[in-house]
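Data file: input_21.cif. Format and content: mmCIF, C-alpha atoms.
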```
data_upload
loop_
_atom_site.label_atom_id
_atom_site.label_comp_id
_atom_site.auth_asym_id
_atom_site.auth_seq_id
_atom_site.Cartn_x
_atom_site.Cartn_y
_atom_site.Cartn_z
CA MET A 1 17.27 -9.62 -26.24
CA GLN A 2 19.79 -10.11 -23.47
CA THR A 3 19.49 -13.90 -23.23
CA PRO A 4 18.91 -16.45 -26.03
CA LEU A 5 15.39 -17.48 -26.93
CA GLU A 6 14.28 -20.68 -25.19
CA ILE A 7 11.81 -22.99 -26.99
CA THR A 8 10.48 -25.96 -25.02
CA TYR A 9 8.37 -28.85 -26.26
CA GLN A 10 6.24 -30.95 -23.90
CA HIS A 11 4.51 -34.04 -25.32
CA VAL A 12 5.08 -32.54 -28.78
CA THR A 13 7.77 -33.61 -31.25
CA ARG A 14 10.23 -30.80 -31.97
CA SER A 15 9.64 -29.35 -35.42
CA ALA A 16 11.88 -27.15 -37.57
CA TRP A 17 8.92 -25.18 -38.91
CA ILE A 18 7.70 -24.42 -35.38
CA ASP A 19 11.18 -23.25 -34.35
CA GLU A 20 11.39 -21.00 -37.40
CA TYR A 21 7.90 -19.61 -36.93
CA VAL A 22 8.47 -18.91 -33.23
CA ARG A 23 11.74 -17.08 -33.99
CA SER A 24 9.97 -14.92 -36.57
CA ARG A 25 7.27 -14.02 -34.04
CA VAL A 26 9.85 -13.25 -31.33
CA ALA A 27 11.66 -10.94 -33.75
CA LYS A 28 8.35 -9.13 -34.22
CA LEU A 29 7.97 -8.79 -30.43
CA GLU A 30 11.31 -7.00 -30.32
CA HIS A 31 9.87 -4.34 -32.61
CA PHE A 32 7.32 -3.53 -29.91
CA SER A 33 9.83 -3.53 -27.05
CA LYS A 34 13.57 -3.08 -27.46
CA ASP A 35 14.38 -3.93 -23.83
CA ILE A 36 13.13 -7.53 -23.63
CA VAL A 37 15.42 -9.39 -21.25
CA SER A 38 14.38 -12.91 -22.18
CA CYS A 39 11.66 -14.90 -23.90
CA ARG A 40 10.59 -18.48 -23.29
CA VAL A 41 8.08 -20.27 -25.51
CA THR A 42 6.45 -23.58 -24.57
CA ILE A 43 4.59 -25.75 -27.07
CA GLU A 44 2.76 -28.58 -25.38
CA GLN A 45 -0.05 -31.06 -25.55
CA THR A 46 -1.81 -30.62 -22.23
CA GLN A 47 -2.65 -33.66 -20.13
CA ASN A 48 -5.86 -32.38 -18.52
CA PRO A 49 -8.40 -35.13 -17.79
CA HIS A 50 -11.19 -32.53 -17.58
CA LYS A 51 -10.64 -31.44 -21.20
CA THR A 52 -11.29 -34.08 -23.81
CA GLY A 53 -8.93 -34.35 -26.74
CA ASN A 54 -5.80 -33.24 -24.84
CA PRO A 55 -5.71 -29.76 -26.42
CA TYR A 56 -2.47 -28.22 -27.63
CA ARG A 57 -1.21 -25.07 -25.95
CA ALA A 58 1.26 -22.31 -26.72
CA LEU A 59 2.71 -20.30 -23.83
CA VAL A 60 4.81 -17.15 -24.34
CA GLU A 61 6.71 -15.72 -21.35
CA VAL A 62 8.58 -12.43 -21.67
CA VAL A 63 10.70 -10.72 -19.02
CA LEU A 64 11.07 -6.93 -19.05
CA PRO A 65 13.50 -4.95 -16.84
CA ALA A 66 10.88 -2.80 -15.09
CA LYS A 67 7.56 -4.61 -15.49
CA GLY A 68 8.87 -8.07 -14.67
CA GLU A 69 7.28 -11.09 -16.30
CA LEU A 70 4.45 -11.06 -18.86
CA VAL A 71 2.64 -14.27 -19.80
CA ALA A 72 0.31 -15.04 -22.71
CA GLU A 73 -1.16 -18.40 -23.64
CA LYS A 74 -3.64 -19.94 -26.06
CA SER A 75 -4.93 -23.49 -26.35
CA ASP A 76 -7.27 -25.46 -28.61
CA LYS A 77 -8.06 -28.99 -29.71
CA VAL A 78 -5.95 -30.15 -32.64
CA THR A 79 -6.51 -32.99 -35.11
CA ASP A 80 -3.75 -32.00 -37.55
CA PRO A 81 -0.78 -30.34 -35.74
CA GLN A 82 0.92 -29.41 -39.02
CA VAL A 83 -2.04 -27.19 -39.89
CA GLN A 84 -3.68 -26.22 -36.61
CA LEU A 85 -0.70 -25.46 -34.36
CA ARG A 86 0.26 -22.32 -36.28
CA PRO A 87 -2.89 -20.30 -35.37
CA ILE A 88 -2.58 -21.35 -31.71
CA ILE A 89 1.01 -20.08 -31.63
CA ARG A 90 0.05 -16.95 -33.56
CA ASN A 91 -2.80 -16.14 -31.15
CA ALA A 92 -0.49 -16.51 -28.14
CA PHE A 93 2.04 -14.13 -29.69
CA GLU A 94 -0.69 -11.65 -30.65
CA ALA A 95 -1.86 -11.63 -27.02
CA MET A 96 1.74 -10.93 -25.94
CA GLU A 97 2.06 -8.16 -28.53
CA LYS A 98 -0.97 -6.42 -27.02
CA GLN A 99 0.65 -6.54 -23.58
CA LEU A 100 3.96 -5.20 -24.90
CA LYS A 101 2.21 -2.39 -26.80
CA LYS A 102 0.45 -1.38 -23.59
CA GLN A 103 3.68 -1.41 -21.58
CA THR A 104 5.58 0.51 -24.26
CA ALA A 105 2.83 3.14 -24.45
CA LYS A 106 2.94 3.60 -20.68
CA ARG A 107 6.74 3.85 -20.69
CA ASP A 108 6.68 6.45 -23.47
CA GLY A 109 4.01 8.49 -21.73
CA LYS A 110 1.35 7.84 -24.35
CA VAL A 111 -0.95 6.43 -21.70
CA LYS A 112 -1.43 8.60 -18.62
CA GLN A 113 -0.84 6.90 -15.31
CA HIS A 114 -3.36 7.55 -12.55
CA ASN A 115 -3.36 6.42 -8.95
CA ASP A 116 -6.87 5.06 -9.49
CA GLU A 117 -5.96 3.06 -12.60
CA PRO A 118 -7.76 -0.29 -12.34
CA LEU A 119 -5.61 -3.17 -11.15
CA PRO A 120 -5.93 -6.71 -12.52
CA PRO A 121 -8.92 -8.52 -11.02
CA VAL A 122 -8.69 -10.46 -7.76
CA ALA A 123 -9.67 -14.11 -7.34
CA THR A 124 -9.37 -16.92 -4.81
CA VAL A 125 -7.93 -20.37 -5.45
CA VAL A 126 -10.84 -22.79 -4.96
CA ARG A 127 -9.45 -26.10 -6.27
CA MET A 128 -5.93 -27.41 -6.73
CA PHE A 129 -4.70 -30.47 -8.63
CA GLU A 130 -1.03 -30.26 -7.71
CA LYS A 131 0.08 -33.54 -9.30
CA ASP A 132 -1.53 -32.62 -12.64
CA GLY A 133 -0.24 -29.04 -12.53
CA TYR A 134 -3.46 -27.05 -12.73
CA GLY A 135 -6.23 -25.55 -10.65
CA PHE A 136 -9.22 -23.21 -10.61
CA LEU A 137 -9.78 -19.66 -9.41
CA LYS A 138 -13.06 -18.01 -8.47
CA SER A 139 -13.37 -14.27 -9.04
CA VAL A 140 -15.20 -11.84 -6.78
CA SER A 141 -18.13 -12.01 -9.24
CA GLY A 142 -18.27 -15.79 -8.83
CA GLN A 143 -16.83 -16.85 -12.20
CA GLU A 144 -14.39 -19.76 -12.27
CA TYR A 145 -11.14 -19.69 -14.27
CA TYR A 146 -8.94 -22.66 -15.16
CA PHE A 147 -5.19 -22.10 -14.84
CA HIS A 148 -2.05 -24.09 -15.63
CA ARG A 149 1.02 -24.08 -13.37
CA ASN A 150 2.98 -22.17 -16.07
CA ALA A 151 0.48 -19.31 -15.80
CA VAL A 152 1.62 -18.58 -12.22
CA LEU A 153 4.31 -15.91 -12.11
CA HIS A 154 7.68 -16.36 -10.40
CA GLY A 155 7.28 -20.16 -10.29
CA ASP A 156 4.87 -19.83 -7.36
CA PHE A 157 2.48 -22.65 -8.32
CA ASP A 158 3.68 -24.81 -5.41
CA ARG A 159 2.89 -21.96 -2.99
CA LEU A 160 -0.78 -21.93 -3.94
CA THR A 161 -3.36 -23.49 -1.65
CA VAL A 162 -7.15 -23.33 -1.50
CA GLY A 163 -8.00 -19.88 -0.16
CA THR A 164 -4.92 -18.09 -1.57
CA ARG A 165 -5.85 -14.72 -3.07
CA VAL A 166 -4.29 -13.73 -6.37
CA ARG A 167 -4.40 -11.15 -9.12
CA PHE A 168 -4.70 -12.47 -12.67
CA GLU A 169 -5.34 -11.67 -16.30
CA PRO A 170 -8.65 -13.17 -17.50
CA ASN A 171 -8.84 -14.83 -20.90
CA GLU A 172 -11.63 -16.58 -22.74
CA GLY A 173 -10.57 -19.51 -24.91
CA ASP A 174 -12.42 -22.19 -26.82
CA GLU A 175 -12.33 -24.37 -23.69
CA GLY A 176 -13.83 -21.66 -21.45
CA LEU A 177 -12.49 -19.05 -19.02
CA GLN A 178 -8.75 -19.21 -18.31
CA ALA A 179 -6.40 -17.22 -16.10
CA SER A 180 -2.84 -16.10 -16.89
CA SER A 181 -0.20 -13.87 -15.27
CA ILE A 182 -1.30 -15.08 -11.82
CA GLN A 183 0.39 -13.32 -8.92
CA ILE A 184 -0.12 -14.13 -5.23
CA ILE A 185 -1.58 -11.34 -3.07
CA ASP A 186 -1.66 -13.23 0.20
CA LYS A 187 -2.10 -16.68 1.69
CA PRO A 188 -5.09 -17.79 3.80
CA GLY A 189 -4.94 -16.06 7.17
CA VAL A 190 -2.45 -13.42 6.00
CA GLY A 191 -3.54 -9.79 5.92
CA GLY A 192 -3.53 -7.72 2.75
CA SER A 193 -1.64 -4.50 2.11
CA ALA A 194 -1.31 -1.88 4.83
CA ASP A 195 -3.53 0.62 3.05
CA GLY A 196 -6.29 -1.95 2.58
CA GLU A 197 -6.09 -1.76 -1.20
CA ASP A 198 -6.37 -5.51 -1.55
CA ASP A 199 -8.82 -6.09 1.30
CA LEU A 200 -11.60 -7.48 -0.88
CA ASP A 201 -14.17 -10.04 0.23
CA MET A 202 -13.73 -13.67 -0.73
CA PRO A 203 -16.04 -14.87 -3.52
CA ALA A 204 -19.29 -16.16 -2.09
CA GLY A 205 -19.24 -19.90 -1.60
CA TRP A 206 -15.52 -20.47 -2.14
CA GLU A 207 -15.10 -22.10 1.25
CA GLN A 208 -17.62 -24.78 0.31
CA GLU A 209 -15.56 -25.94 -2.68
CA PRO A 210 -13.99 -29.36 -1.96
CA ARG A 211 -10.27 -29.72 -2.27
CA HIS A 212 -9.04 -32.68 -4.32
#
```
File written out as structure tokens:
Amino acid sequence: MQTPLEITYQHVTRSAWIDEYVRSRVAKLEHFSKDIVSCRVTIEQTQNPHKTGNPYRALVEVVLPAKGELVAEKSDKVTDPQVQLRPIIRNAFEAMEKQLKKQTAKRDGKVKQHNDEPLPPVATVVRMFEKDGYGFLKSVSGQEYYFHRNAVLHGDFDRLTVGTRVRFEPNEGDEGLQASSIQIIDKPGVGGSADGEDDLDMPAGWEQEPRH
């Protein structure tokens, strides 16, 4: 790895066993991809008033030279952090391992690339809670996905507004549908790509969603 591992704690007391466990999992990531530029891991207790119990969350962010930034996260309610944090961290790293395996296979030519290869799904931002650092997306099929500001690539959370179209990676956690690796396609009133690739209709009913 080109830059040192960064481990951040938010509303969680730093723990030697967590540091050691995270380092062991990062070392395993490097077996899947030798060209990782950097890795940042965040362990936090989320402050989401819509989710009782303030669930704990593990976020793994990896930067690759060609692909850019990959993000994986897992969250769950915790009553005993010493016991229950480990599987949350493990699940986040396992999700990242799957992404790295896929990227490595593509790079090595084990997965054929096609011009019609499906892109990540498109959704529209329907609600934003800027001060609390989270929001909700609605997909073309009408499903809603919760997302945290750290799930937005390139630090673009502050650029999001209701009506912004994004691509994202869907995940299903214990607390419901969640979105990660969110990337802005265009802002409200801005046209999509020149070839029309991203010119998809807004999800039905998104404009009726109130903004808070």
- One-decimal distance in Å that lies between atom CA of A:Asp76 and atom CA of A:Val122: 25.7 Å
- Please evaluate the PyMOL selection byres ((chain A and resi 62) around 9) against the structure above and give the resulting residues as a list in words. Ile36, Val37, Ser38, Cys39, Arg40, Val41, Val60, Glu61, Val63, Leu64, Gly68, Glu69, Leu70, Val71, Ala72 and Met96 of chain A
- Between A:Asp186, A:Lys74, A:His154, A:Leu137, which has the minimum distance to A:Phe93 (counting only C-alpha atoms)? A:Lys74
- Message: Quick one: residues within 10 Å of A:Arg14, only C-alpha atoms, excluding same-chain residues fewer than 6 positions away - as number ranges by chain?
- Response: A: 7-8, 43
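Residue nearest A:Ala105, chosen from A:Ser15, A:Ser33, A:Gln45, A:Asn171 and counting all atoms listed in the file: A:Ser33.
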- Message: Selection in question (the file shown): the PyMOL selection byres ((chain A and resi 161) around 10). Which residues does it include, as JSON, numbers by chain?
- Response: {"A": [124, 125, 126, 127, 128, 129, 130, 135, 157, 158, 159, 160, 162, 163, 164, 165, 187, 188, 211]}
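Atom pair atom CA of A:Lys106 / atom CA of A:Pro65 has a distance of 14.1 Å (rounded to one decimal).
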- Message: What does the structure give for the distance between atom CA of A:Glu172 and atom CA of A:Arg57, in Å to one decimal?
- Response: 13.8 Å
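Excluding A:Ala92 and any residue on its chain fewer than 2 positions from it, the residues at most 6 Å away by all atoms listed in the file are Ala72, Glu73, Lys74, Ile89, Arg90, Glu94 and Ala95 of chain A.
Of the residues under consideration (A:Ile88, A:Leu59, A:Thr79, A:Lys101), A:Leu59 shows the shortest atom-to-atom contact distance to A:Glu6 when counting all atoms listed in the file.
Residue selection for this entry, given the PyMOL selection byres ((chain A and resi 170) around 10), comprises Pro120, Pro121, Ser139, Tyr145, Tyr146, Phe147, Arg167, Phe168, Glu169, Asn171, Glu172, Gly173, Leu177, Gln178, Ala179, Ser180, Ser181 and Ile182 of chain A.
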- Task: Take the point (-1.2, -28.2, -18.6) as written in the file and pick out every residue within 10 Å of it, counting all atoms listed in the file; give the list as a ChimeraX atom specification.
- Result: /A:10,44-48,54-57,75,132-135,147-151
- Shortest interatomic distance to A:Glu30 - which of A:Thr104, A:Thr13, A:Ser141, A:Thr42, counting all atoms listed in the file: A:Thr104
Adding 8 Å on each side of the box along x, y and z that holds all listed atoms of stretch 26-29 of chain A, could you give its centre and edge lengths in Å to one decimal, as AutoDock Vina command-line options?
```
--center_x 9.8 --center_y -11.0 --center_z -32.3 --size_x 19.7 --size_y 20.5 --size_z 19.8
```
- Would you mind telling me which residue in A:Gln183, A:Ala58, A:Glu97, A:Lys77 lies nearest to A:Ala27 when using only C-alpha atoms? A:Glu97
- Message: From the options A:Val166, A:Arg23, A:Gly142, A:His31, which residue's atoms come nearest to A:Leu100, counting only C-alpha atoms?
- Response: A:His31
